[in-house]
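Shown here: work-v1.txt, compact mmCIF, C-alpha atoms.
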# COMPACT_ATOMS: atom_id res chain seq x y z
CA MET V 925 29.24 87.83 175.56
CA TYR V 926 27.87 84.42 176.41
CA ILE V 927 28.03 81.00 174.86
CA LYS V 928 24.97 79.05 175.90
CA LEU V 929 25.44 75.32 176.03
CA ARG V 930 22.21 73.57 175.06
CA VAL V 931 22.12 69.89 175.81
CA ASP V 932 19.49 67.68 174.24
CA LEU V 933 17.79 64.67 175.83
CA HIS V 934 16.64 66.88 178.71
CA ARG V 935 20.11 67.73 179.99
CA PRO V 936 20.62 70.86 182.07
CA THR V 937 21.81 74.07 180.46
CA PHE V 938 24.96 75.87 181.56
CA VAL V 939 26.69 78.99 180.36
CA THR V 940 30.32 79.79 179.70
CA THR V 941 31.65 83.27 179.06
CA HIS V 942 34.12 84.05 176.30
CA LYS V 943 35.89 87.37 175.83
CA PRO V 944 35.78 88.17 172.10
CA HIS V 945 39.01 87.78 170.16
CA PRO V 946 39.74 89.51 166.84
CA THR V 947 39.78 86.14 165.11
CA ASP V 948 36.43 84.97 166.55
CA SER V 949 34.94 83.48 163.39
CA TYR V 950 35.44 79.75 163.57
CA HIS V 951 33.62 76.55 164.36
CA ILE V 952 34.47 74.05 167.06
CA GLY V 953 33.63 70.84 165.28
CA GLN V 954 33.26 67.18 166.03
CA LEU V 955 35.65 65.85 168.64
CA ALA V 956 38.32 63.53 167.30
CA LEU V 957 37.69 60.87 169.90
CA VAL V 958 36.66 57.41 168.81
CA SER V 959 34.13 57.38 171.65
CA PHE V 960 32.12 60.07 169.88
CA LEU V 961 31.59 57.78 166.87
CA HIS V 962 29.52 55.56 169.13
CA THR V 963 25.84 55.13 168.29
CA ARG V 964 24.85 56.37 171.74
CA THR V 965 26.39 59.81 171.18
CA ASN V 966 24.29 62.89 171.87
CA MET V 967 24.82 66.41 170.62
CA VAL V 968 25.75 69.37 172.82
CA GLN V 969 25.57 72.68 170.99
CA TYR V 970 27.17 76.03 171.74
CA GLU V 971 25.91 79.38 170.48
CA GLY V 972 27.72 82.65 170.86
CA PRO V 973 30.02 85.18 169.25
CA TYR V 974 31.17 82.65 166.65
CA SER V 975 29.57 82.24 163.25
CA GLY V 976 27.07 79.40 163.24
CA GLN V 977 27.00 76.72 165.90
CA GLN V 978 29.72 74.67 167.53
CA THR V 979 28.96 71.05 168.27
CA PHE V 980 30.40 68.72 170.87
CA ARG V 981 29.22 65.19 171.47
CA SER V 982 28.70 63.52 174.80
CA PHE V 983 29.27 59.85 175.47
CA THR V 984 26.39 59.79 177.95
CA LYS V 985 22.79 60.95 177.76
CA THR V 986 23.14 62.82 181.04
CA TRP V 987 25.51 65.80 181.25
CA HIS V 988 26.66 67.31 184.55
CA ASN V 989 28.03 70.74 185.40
CA LYS V 990 28.00 70.38 189.18
CA PRO V 991 28.62 67.59 191.71
CA HIS V 992 26.06 64.79 191.91
CA PRO V 993 25.46 61.87 194.30
CA ALA V 994 27.27 59.22 192.26
CA ILE V 995 30.61 60.99 192.71
CA SER V 996 30.13 62.15 196.29
CA PRO V 997 33.37 61.64 198.26
CA LEU V 998 31.18 60.66 201.22
CA ARG V 999 30.10 57.44 199.50
CA SER V 1000 31.71 54.48 201.26
CA GLU V 1001 32.48 52.90 197.88
CA LEU V 1002 34.76 55.84 197.07
CA SER V 1003 36.63 55.82 200.37
CA ALA V 1004 40.25 56.98 200.20
CA ALA V 1005 41.00 55.71 203.71
CA GLY V 1006 44.66 54.86 204.19
CA ARG V 1007 45.69 56.46 200.90
CA VAL V 1008 48.37 59.09 200.30
CA VAL V 1009 47.46 61.65 197.63
CA PHE V 1010 49.88 64.07 195.90
CA ILE V 1011 48.47 66.98 193.87
CA THR V 1012 50.56 69.47 191.88
CA GLY V 1013 48.97 72.87 191.51
CA GLY V 1014 47.01 72.05 194.64
CA GLY V 1015 46.71 75.55 196.07
CA SER V 1016 43.79 76.80 194.01
CA GLY V 1017 41.13 75.93 191.47
CA ILE V 1018 40.73 72.30 190.43
CA GLY V 1019 43.75 71.18 192.43
CA LYS V 1020 42.38 72.59 195.69
CA ALA V 1021 38.90 71.20 194.99
CA THR V 1022 40.45 67.78 194.35
CA ALA V 1023 42.41 67.95 197.60
CA ILE V 1024 39.27 68.84 199.56
CA ALA V 1025 37.35 65.99 197.96
CA PHE V 1026 40.04 63.43 198.80
CA ALA V 1027 40.10 64.67 202.39
CA GLN V 1028 36.32 64.30 202.54
CA ALA V 1029 36.79 60.75 201.24
CA GLY V 1030 39.01 60.02 204.25
CA ALA V 1031 42.49 60.10 202.71
CA GLU V 1032 45.32 59.38 205.15
CA ALA V 1033 47.39 62.25 203.77
CA VAL V 1034 46.95 64.89 201.08
CA ALA V 1035 50.05 66.75 199.88
CA ILE V 1036 49.63 69.88 197.77
CA PHE V 1037 52.43 71.43 195.74
CA GLY V 1038 52.72 74.88 194.18
CA ARG V 1039 54.87 77.96 193.81
CA ARG V 1040 53.05 80.32 196.21
CA LEU V 1041 53.39 79.43 199.88
CA GLU V 1042 50.61 81.75 201.08
CA THR V 1043 48.17 80.27 198.57
CA LEU V 1044 49.09 76.73 199.61
CA GLN V 1045 48.73 77.54 203.31
CA ALA V 1046 45.29 79.08 202.80
CA ALA V 1047 44.22 76.02 200.80
CA ALA V 1048 45.56 73.71 203.50
CA GLU V 1049 43.31 75.37 206.07
CA GLU V 1050 40.26 74.70 203.89
CA ILE V 1051 41.31 71.09 203.36
CA ARG V 1052 41.81 70.53 207.09
CA LYS V 1053 38.35 71.96 207.81
CA SER V 1054 36.83 69.43 205.42
CA ASN V 1055 38.41 66.59 207.42
CA PRO V 1056 40.57 67.27 210.50
CA GLU V 1057 41.68 63.62 210.45
CA THR V 1058 43.56 63.99 207.15
CA ASN V 1059 47.25 64.87 207.32
CA VAL V 1060 47.53 67.91 205.04
CA ILE V 1061 51.04 68.60 203.75
CA VAL V 1062 52.26 71.75 202.01
CA GLU V 1063 55.39 71.91 199.86
CA THR V 1064 56.51 74.74 197.60
CA ALA V 1065 57.92 73.69 194.25
CA ASP V 1066 57.96 74.68 190.59
CA ILE V 1067 57.32 71.68 188.34
CA SER V 1068 59.74 73.09 185.77
CA ASP V 1069 62.50 73.04 188.43
CA ARG V 1070 63.35 69.36 188.73
CA GLN V 1071 65.55 69.67 191.81
CA SER V 1072 63.00 71.61 193.85
CA LEU V 1073 60.23 69.22 192.84
CA GLU V 1074 62.27 66.14 193.73
CA ALA V 1075 63.00 67.57 197.18
CA ALA V 1076 59.35 68.54 197.67
CA PHE V 1077 58.12 65.04 196.80
CA ALA V 1078 60.64 63.44 199.17
CA ASN V 1079 59.73 65.83 202.00
CA ALA V 1080 56.02 65.26 201.53
CA LEU V 1081 56.32 61.48 201.52
CA SER V 1082 58.37 61.62 204.70
CA LYS V 1083 55.76 63.85 206.37
CA SER V 1084 52.97 61.49 205.31
CA GLY V 1085 54.35 58.75 207.52
CA GLN V 1086 53.86 56.26 204.70
CA SER V 1087 56.27 54.62 202.28
CA LYS V 1088 54.38 55.05 199.01
CA VAL V 1089 52.03 57.41 197.16
CA ASP V 1090 48.67 55.92 196.16
CA VAL V 1091 47.20 58.71 194.02
CA PHE V 1092 49.05 61.30 191.95
CA VAL V 1093 47.15 64.17 190.32
CA ASN V 1094 49.13 65.96 187.61
CA ASN V 1095 47.35 69.30 187.71
CA ALA V 1096 49.91 72.13 187.60
CA GLY V 1097 50.30 74.04 184.37
CA SER V 1098 50.64 77.50 182.88
CA LEU V 1099 49.31 79.47 179.95
CA LYS V 1100 50.52 82.55 178.11
CA PRO V 1101 48.09 84.96 176.40
CA PRO V 1102 46.65 83.48 173.17
CA LYS V 1103 48.23 84.56 169.88
CA PRO V 1104 48.24 83.21 166.31
CA VAL V 1105 51.04 80.90 165.16
CA VAL V 1106 52.76 83.51 162.99
CA SER V 1107 52.99 86.13 165.75
CA TYR V 1108 53.56 83.94 168.81
CA PRO V 1109 56.68 85.05 170.74
CA GLU V 1110 59.41 82.42 170.92
CA ALA V 1111 60.03 83.26 174.58
CA ASP V 1112 56.38 82.50 175.40
CA LEU V 1113 56.56 79.22 173.50
CA ARG V 1114 59.64 78.08 175.37
CA ALA V 1115 58.16 79.14 178.72
CA SER V 1116 54.95 77.25 177.92
CA ILE V 1117 56.86 74.10 177.03
CA GLU V 1118 58.76 74.33 180.32
CA GLY V 1119 55.66 75.06 182.39
CA ASN V 1120 53.50 72.34 180.87
CA LEU V 1121 55.20 69.52 178.98
CA ILE V 1122 58.58 69.57 180.73
CA GLY V 1123 56.89 70.17 184.07
CA SER V 1124 54.60 67.17 183.61
CA TYR V 1125 57.56 65.12 182.41
CA ASN V 1126 59.53 66.07 185.54
CA ALA V 1127 56.64 65.29 187.86
CA THR V 1128 55.93 61.95 186.19
CA GLN V 1129 59.53 60.74 186.21
CA LEU V 1130 59.97 61.75 189.84
CA ILE V 1131 56.68 60.35 191.15
CA VAL V 1132 56.72 56.89 189.55
CA PRO V 1133 59.45 55.48 191.85
CA LEU V 1134 57.39 56.67 194.85
CA LEU V 1135 54.13 55.04 193.77
CA SER V 1136 52.47 51.97 195.20
CA PRO V 1137 52.35 49.08 192.66
CA THR V 1138 48.77 49.79 191.49
CA ALA V 1139 48.63 53.54 192.12
CA ASN V 1140 46.30 55.91 190.28
CA LEU V 1141 47.74 58.68 188.08
CA LEU V 1142 45.26 61.36 187.02
CA ASN V 1143 46.38 63.78 184.32
CA ILE V 1144 44.22 66.90 184.41
CA SER V 1145 44.15 67.64 180.71
CA SER V 1146 41.81 69.59 178.44
CA GLY V 1147 39.46 68.98 175.54
CA ILE V 1148 41.52 71.64 173.73
CA GLY V 1149 43.95 68.79 172.99
CA HIS V 1150 41.52 67.04 170.67
CA ILE V 1151 38.87 69.52 169.46
CA LYS V 1152 38.99 71.48 166.23
CA PRO V 1153 41.49 74.38 166.45
CA VAL V 1154 40.55 77.39 168.56
CA PRO V 1155 42.44 80.43 167.17
CA GLY V 1156 45.20 81.66 169.44
CA LEU V 1157 45.32 78.57 171.68
CA TRP V 1158 47.56 76.42 169.49
CA VAL V 1159 50.41 76.20 172.03
CA TYR V 1160 48.15 75.10 174.87
CA SER V 1161 46.40 72.63 172.57
CA ALA V 1162 49.65 71.14 171.28
CA LEU V 1163 51.13 70.78 174.76
CA LYS V 1164 47.97 69.23 176.20
CA LEU V 1165 47.92 66.70 173.37
CA ALA V 1166 51.61 65.92 173.90
CA THR V 1167 50.99 65.33 177.60
CA ILE V 1168 47.99 63.11 176.84
CA LYS V 1169 50.21 60.94 174.65
CA MET V 1170 52.92 60.88 177.32
CA PHE V 1171 50.43 59.45 179.79
CA ASP V 1172 49.16 57.00 177.15
CA TYR V 1173 52.71 55.68 176.83
CA LEU V 1174 53.15 55.66 180.60
CA GLN V 1175 50.12 53.37 180.86
CA VAL V 1176 51.40 50.95 178.21
CA GLU V 1177 54.88 50.87 179.73
CA ASN V 1178 53.52 50.41 183.27
CA PRO V 1179 50.44 48.18 182.91
CA ASP V 1180 49.94 47.71 186.66
CA LEU V 1181 49.41 51.44 187.19
CA ASN V 1182 46.01 53.05 186.60
CA VAL V 1183 46.44 56.07 184.32
CA TYR V 1184 43.67 58.46 183.26
CA ASN V 1185 43.44 61.63 181.15
CA ILE V 1186 40.65 63.99 182.21
CA GLN V 1187 38.82 66.94 180.69
CA PRO V 1188 37.90 68.79 183.92
CA GLY V 1189 35.02 70.87 182.62
CA VAL V 1190 35.13 74.62 182.06
CA VAL V 1191 35.60 76.27 185.43
CA ASP V 1192 36.54 79.77 186.51
CA THR V 1193 40.28 79.50 187.18
CA ASP V 1194 43.27 81.79 186.72
CA LEU V 1195 44.43 79.71 183.76
CA ASN V 1196 41.06 79.84 182.00
CA ASN V 1197 40.98 83.60 182.46
CA VAL V 1198 44.26 83.87 180.55
CA SER V 1199 42.78 81.76 177.75
CA GLU V 1200 39.91 84.28 177.52
CA PHE V 1201 37.41 81.57 178.42
CA THR V 1202 35.67 81.43 181.78
CA GLY V 1203 33.07 78.90 182.74
CA GLU V 1204 30.23 78.21 185.09
CA ASP V 1205 30.97 74.55 185.76
CA ASP V 1206 31.26 74.05 189.50
CA VAL V 1207 34.92 73.52 190.43
CA ASN V 1208 33.82 70.75 192.79
CA LEU V 1209 32.59 68.70 189.82
CA PRO V 1210 36.12 67.78 188.66
CA GLY V 1211 37.29 67.69 192.27
CA GLN V 1212 34.81 65.00 193.24
CA PHE V 1213 34.98 63.26 189.87
CA ASN V 1214 38.70 62.71 190.47
CA VAL V 1215 37.92 60.87 193.71
CA TRP V 1216 35.50 58.62 191.81
CA LEU V 1217 38.06 58.05 189.05
CA ALA V 1218 40.64 56.91 191.60
CA SER V 1219 38.20 54.38 193.06
CA PRO V 1220 37.69 50.72 192.03
CA GLU V 1221 34.41 51.72 190.37
CA ALA V 1222 36.36 53.41 187.58
CA ASP V 1223 38.91 50.67 186.90
CA PHE V 1224 37.34 50.02 183.48
CA LEU V 1225 38.42 53.51 182.37
CA LYS V 1226 42.11 52.76 182.86
CA GLY V 1227 44.11 54.28 180.00
CA LYS V 1228 41.15 56.32 178.73
CA PHE V 1229 40.36 60.00 178.15
CA VAL V 1230 37.19 60.95 180.02
CA TRP V 1231 35.18 64.13 180.57
CA CYS V 1232 34.07 64.88 184.12
CA SER V 1233 30.69 66.04 182.79
CA TRP V 1234 29.77 62.54 181.64
CA ASP V 1235 27.44 60.50 183.83
CA VAL V 1236 29.35 57.81 185.72
CA ASP V 1237 26.39 55.47 186.14
CA GLU V 1238 25.88 55.41 182.38
CA LEU V 1239 29.59 54.83 181.88
CA LYS V 1240 29.53 51.92 184.33
CA SER V 1241 26.64 50.34 182.43
CA LEU V 1242 28.92 50.24 179.36
CA SER V 1243 32.06 49.15 181.21
CA THR V 1244 32.55 45.89 179.31
CA GLU V 1245 32.19 47.63 175.96
CA ILE V 1246 34.54 50.44 176.97
CA LYS V 1247 37.28 48.50 178.73
CA ASN V 1248 38.82 46.50 175.90
CA SER V 1249 38.22 48.86 173.00
CA MET V 1250 39.56 52.04 171.45
CA LEU V 1251 36.61 53.98 172.84
CA MET V 1252 37.67 57.11 174.73
CA ARG V 1253 41.11 57.23 173.16
CA VAL V 1254 42.60 60.09 171.18
CA THR V 1255 43.30 58.68 167.74
CA LEU V 1256 42.80 59.32 164.02
CA GLN V 1257 39.09 59.75 163.42
CA GLY V 1258 37.73 57.08 161.12
CA LEU V 1259 40.76 54.86 161.68
CA PRO V 1260 40.55 53.42 165.21
CA ILE V 1261 43.90 51.62 165.40
Would you give me this structure, written as structure tokens?
Amino acid sequence: MYIKLRVDLHRPTFVTTHKPHPTDSYHIGQLALVSFLHTRTNMVQYEGPYSGQQTFRSFTKTWHNKPHPAISPLRSELSAAGRVVFITGGGSGIGKATAIAFAQAGAEAVAIFGRRLETLQAAAEEIRKSNPETNVIVETADISDRQSLEAAFANALSKSGQSKVDVFVNNAGSLKPPKPVVSYPEADLRASIEGNLIGSYNATQLIVPLLSPTANLLNISSGIGHIKPVPGLWVYSALKLATIKMFDYLQVENPDLNVYNIQPGVVDTDLNNVSEFTGEDDVNLPGQFNVWLASPEADFLKGKFVWCSWDVDELKSLSTEIKNSMLMRVTLQGLPI
């Protein structure tokens, strides 16, 4: 069954696929982001196996589901020359696409981390093909295993030939099959906490001492952390929201760093398949968007939650309004404090 996303104001249409769930009779309502209270908001409507319609709002008039020129890693303004980039979960999906995009942008070194060596090695070959000049580093590690991750980070930095990391992409995560609150296995809950919240906590604590003074930290999050409840996905939603708040605090406690939370679109990944949602957003959209977000052009979004589908030129035109406000922050709707 298909959920067709209709975007008004002449936006393109894209389709996501959802495998029906026994509890499929709910509405995804208005996002609880202050940015969507803005007068420039535009409606994006889903139709599908749910009763009625589900409505999202977009901060920009233009909505993207594939790469576009403004976020091209080949733009000189987005150059990553001389930069060292670390990406957890870098062997596949959004992590691999992000690594390729940073290599295309001329990064000095790109280090990818994951649990499966063969997957990482195959990804490394693709990254090297995108730019033979980039030093591509592979390290196996499980983010829930603090010791292995600490050793992997140290090894990768040594192999980079540099003394500091300039961009860190917190991308690794895991997801158990969706189930309602009352029947969710405790073992799955504990494993999910370890593989998501504790893993992100480990990675963040270990990476901060290795960062350059004004490094970029990109937390690959999900809109599931702030939309109306989707039956069965409560654990993933709760852990994504917890991680968003962790990075919010990290930004406040480390004001010189540049911290961002990102909704990376709906792409066809192993994790999305477990959630019973698959999408037709191009995986290179978040990959290239992450390069843009780590560039000086996106400095005004520091500390914000942003969707990769939003148009960056429109965002830049509102930079002054966005920068020093509660726009694009997860907060209590109607009470922007």
| task | Give as a PyMOL selection string every residue, naming chains and numbers as the document does, that has an atom within 8 Å of (45.8, 60.9, 197.2), counting all atoms listed in the file. | result | chain V and resi 1004+1007-1011+1023+1026+1031+1033-1035+1089-1093
| task | State, in Å with one decimal place, the distance from atom CA of Thr1058 of chain V to atom CA of Leu1002 of chain V. | result | 15.7 Å
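Considering only C-alpha atoms, the residue among V:Val1254, V:Ile1131, V:Ile1151, V:Ala1111 positioned nearest to Asp1172 of chain V is V:Val1254.
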| field | atom CA of Ile1036 of chain V to atom CA of Thr1064 of chain V, distance in Å rounded to a single decimal | value | 8.4 Å
Kindly extract all protein, DNA and RNA residues lying within 6 Å of the coordinates (52.3, 62.8, 205.6) given in the file, considering all atoms listed in the file, and supply them as a PDB file with C-alpha atoms, keeping the file's coordinate frame.
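Heads up, here's the output in part-v3.pdb:
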ATOM      1  CA  ALA V1033      47.390  62.250 203.770  1.00  0.00           C
ATOM      2  CA  ASN V1059      47.250  64.870 207.320  1.00  0.00           C
ATOM      3  CA  LEU V1081      56.320  61.480 201.520  1.00  0.00           C
ATOM      4  CA  LYS V1083      55.760  63.850 206.370  1.00  0.00           C
ATOM      5  CA  SER V1084      52.970  61.490 205.310  1.00  0.00           C
ATOM      6  CA  GLY V1085      54.350  58.750 207.520  1.00  0.00           C
TER       7      GLY V1085
END
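Closest approach to Ala1048 of chain V from the set V:Arg1070, V:Gly1014, V:Gly1030, V:Asp1192 is made by V:Gly1014, with distances taken over only C-alpha atoms.
What separates atom CA of Val1062 of chain V from atom CA of Asn1094 of chain V is a distance of 15.8 Å.
Using only C-alpha atoms, the contacts of Asp1069 of chain V at a cut-off of 10 Å, with sequence neighbours closer than 6 positions omitted, comprise Glu1118, Gly1119, Ile1122, Gly1123, Asn1126 and Ala1127 of chain V.
For the residues V:Ala1005, V:Ile1186, V:Ile1024, V:Leu1121, ranking by smallest atom-to-atom distance to Asn1208 of chain V using all atoms listed in the file places V:Ile1024 first.
Minimum atom-to-atom distance to Ile1144 of chain V, evaluated using all atoms listed in the file, belongs to V:Thr1012 out of V:Thr1012, V:Gln1045, V:Gln1071, V:Ser1107.
Each of V:Leu1217, V:Ala1222, V:Ala994, V:Ile1051 was compared to Gly1019 of chain V using only C-alpha atoms, and V:Ile1051 turns out to be the nearest.
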| query | Which residues, written as number ranges by chain, have at least one atom at most 12 Å from Leu1041 of chain V, with all atoms listed in the file counted and residues fewer than 2 positions away on the same chain left out? | reply | V: 1013-1016, 1036-1039, 1043-1048, 1061-1066
| note | Counting all atoms listed in the file, closest pick from V:Leu1174, V:Val1207, V:Val1159, V:Ala1218 relative to Ala1139 of chain V is V:Ala1218
| Leu1209 of chain V surroundings by all atoms listed in the file, 9 Å radius, close-in-sequence under 6 positions cut, as a ChimeraX atom specification | /V:988-992,995,1018,1021,1188-1189,1232-1233
Would you mind completing segment 1101-1125 of chain V so that it carries N, CA and C atoms, and writing it out as a compact mmCIF listing (two decimals), in the coordinates of the input?
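Once everything was written out, this is result_33.txt:
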# COMPACT_ATOMS: atom_id res chain seq x y z
N PRO V 1101 49.21 84.40 177.15
CA PRO V 1101 48.09 84.96 176.40
C PRO V 1101 48.02 84.38 174.98
N PRO V 1102 46.81 84.07 174.50
CA PRO V 1102 46.65 83.48 173.17
C PRO V 1102 47.13 84.41 172.06
N LYS V 1103 47.79 83.82 171.07
CA LYS V 1103 48.23 84.56 169.88
C LYS V 1103 48.31 83.59 168.71
N PRO V 1104 48.13 84.08 167.49
CA PRO V 1104 48.24 83.21 166.31
C PRO V 1104 49.65 82.64 166.16
N VAL V 1105 49.76 81.58 165.37
CA VAL V 1105 51.04 80.90 165.16
C VAL V 1105 52.10 81.88 164.65
N VAL V 1106 51.75 82.69 163.66
CA VAL V 1106 52.76 83.51 162.99
C VAL V 1106 53.26 84.67 163.85
N SER V 1107 52.55 85.01 164.91
CA SER V 1107 52.99 86.13 165.75
C SER V 1107 53.28 85.72 167.19
N TYR V 1108 53.35 84.41 167.43
CA TYR V 1108 53.56 83.94 168.81
C TYR V 1108 55.02 84.13 169.21
N PRO V 1109 55.30 84.80 170.33
CA PRO V 1109 56.68 85.05 170.74
C PRO V 1109 57.41 83.75 171.09
N GLU V 1110 58.63 83.62 170.63
CA GLU V 1110 59.41 82.42 170.92
C GLU V 1110 59.61 82.25 172.42
N ALA V 1111 59.82 83.35 173.13
CA ALA V 1111 60.03 83.26 174.58
C ALA V 1111 58.80 82.67 175.27
N ASP V 1112 57.60 83.05 174.82
CA ASP V 1112 56.38 82.50 175.40
C ASP V 1112 56.23 81.02 175.09
N LEU V 1113 56.62 80.64 173.87
CA LEU V 1113 56.56 79.22 173.50
C LEU V 1113 57.47 78.39 174.38
N ARG V 1114 58.69 78.84 174.55
CA ARG V 1114 59.64 78.08 175.37
C ARG V 1114 59.18 78.02 176.83
N ALA V 1115 58.66 79.13 177.34
CA ALA V 1115 58.16 79.14 178.72
C ALA V 1115 56.97 78.20 178.88
N SER V 1116 56.11 78.14 177.87
CA SER V 1116 54.95 77.25 177.92
C SER V 1116 55.36 75.79 177.88
N ILE V 1117 56.36 75.47 177.08
CA ILE V 1117 56.86 74.10 177.03
C ILE V 1117 57.43 73.70 178.39
N GLU V 1118 58.19 74.61 179.00
CA GLU V 1118 58.76 74.33 180.32
C GLU V 1118 57.67 74.17 181.38
N GLY V 1119 56.68 75.05 181.35
CA GLY V 1119 55.66 75.06 182.39
C GLY V 1119 54.59 74.00 182.24
N ASN V 1120 54.53 73.35 181.10
CA ASN V 1120 53.50 72.34 180.87
C ASN V 1120 54.10 70.98 180.55
N LEU V 1121 54.69 70.83 179.38
CA LEU V 1121 55.20 69.52 178.98
C LEU V 1121 56.39 69.08 179.82
N ILE V 1122 57.40 69.94 179.94
CA ILE V 1122 58.58 69.57 180.73
C ILE V 1122 58.20 69.41 182.20
N GLY V 1123 57.33 70.29 182.69
CA GLY V 1123 56.89 70.17 184.07
C GLY V 1123 56.18 68.86 184.35
N SER V 1124 55.29 68.45 183.45
CA SER V 1124 54.60 67.17 183.61
C SER V 1124 55.56 66.00 183.49
N TYR V 1125 56.51 66.15 182.59
CA TYR V 1125 57.56 65.12 182.41
C TYR V 1125 58.37 64.98 183.70
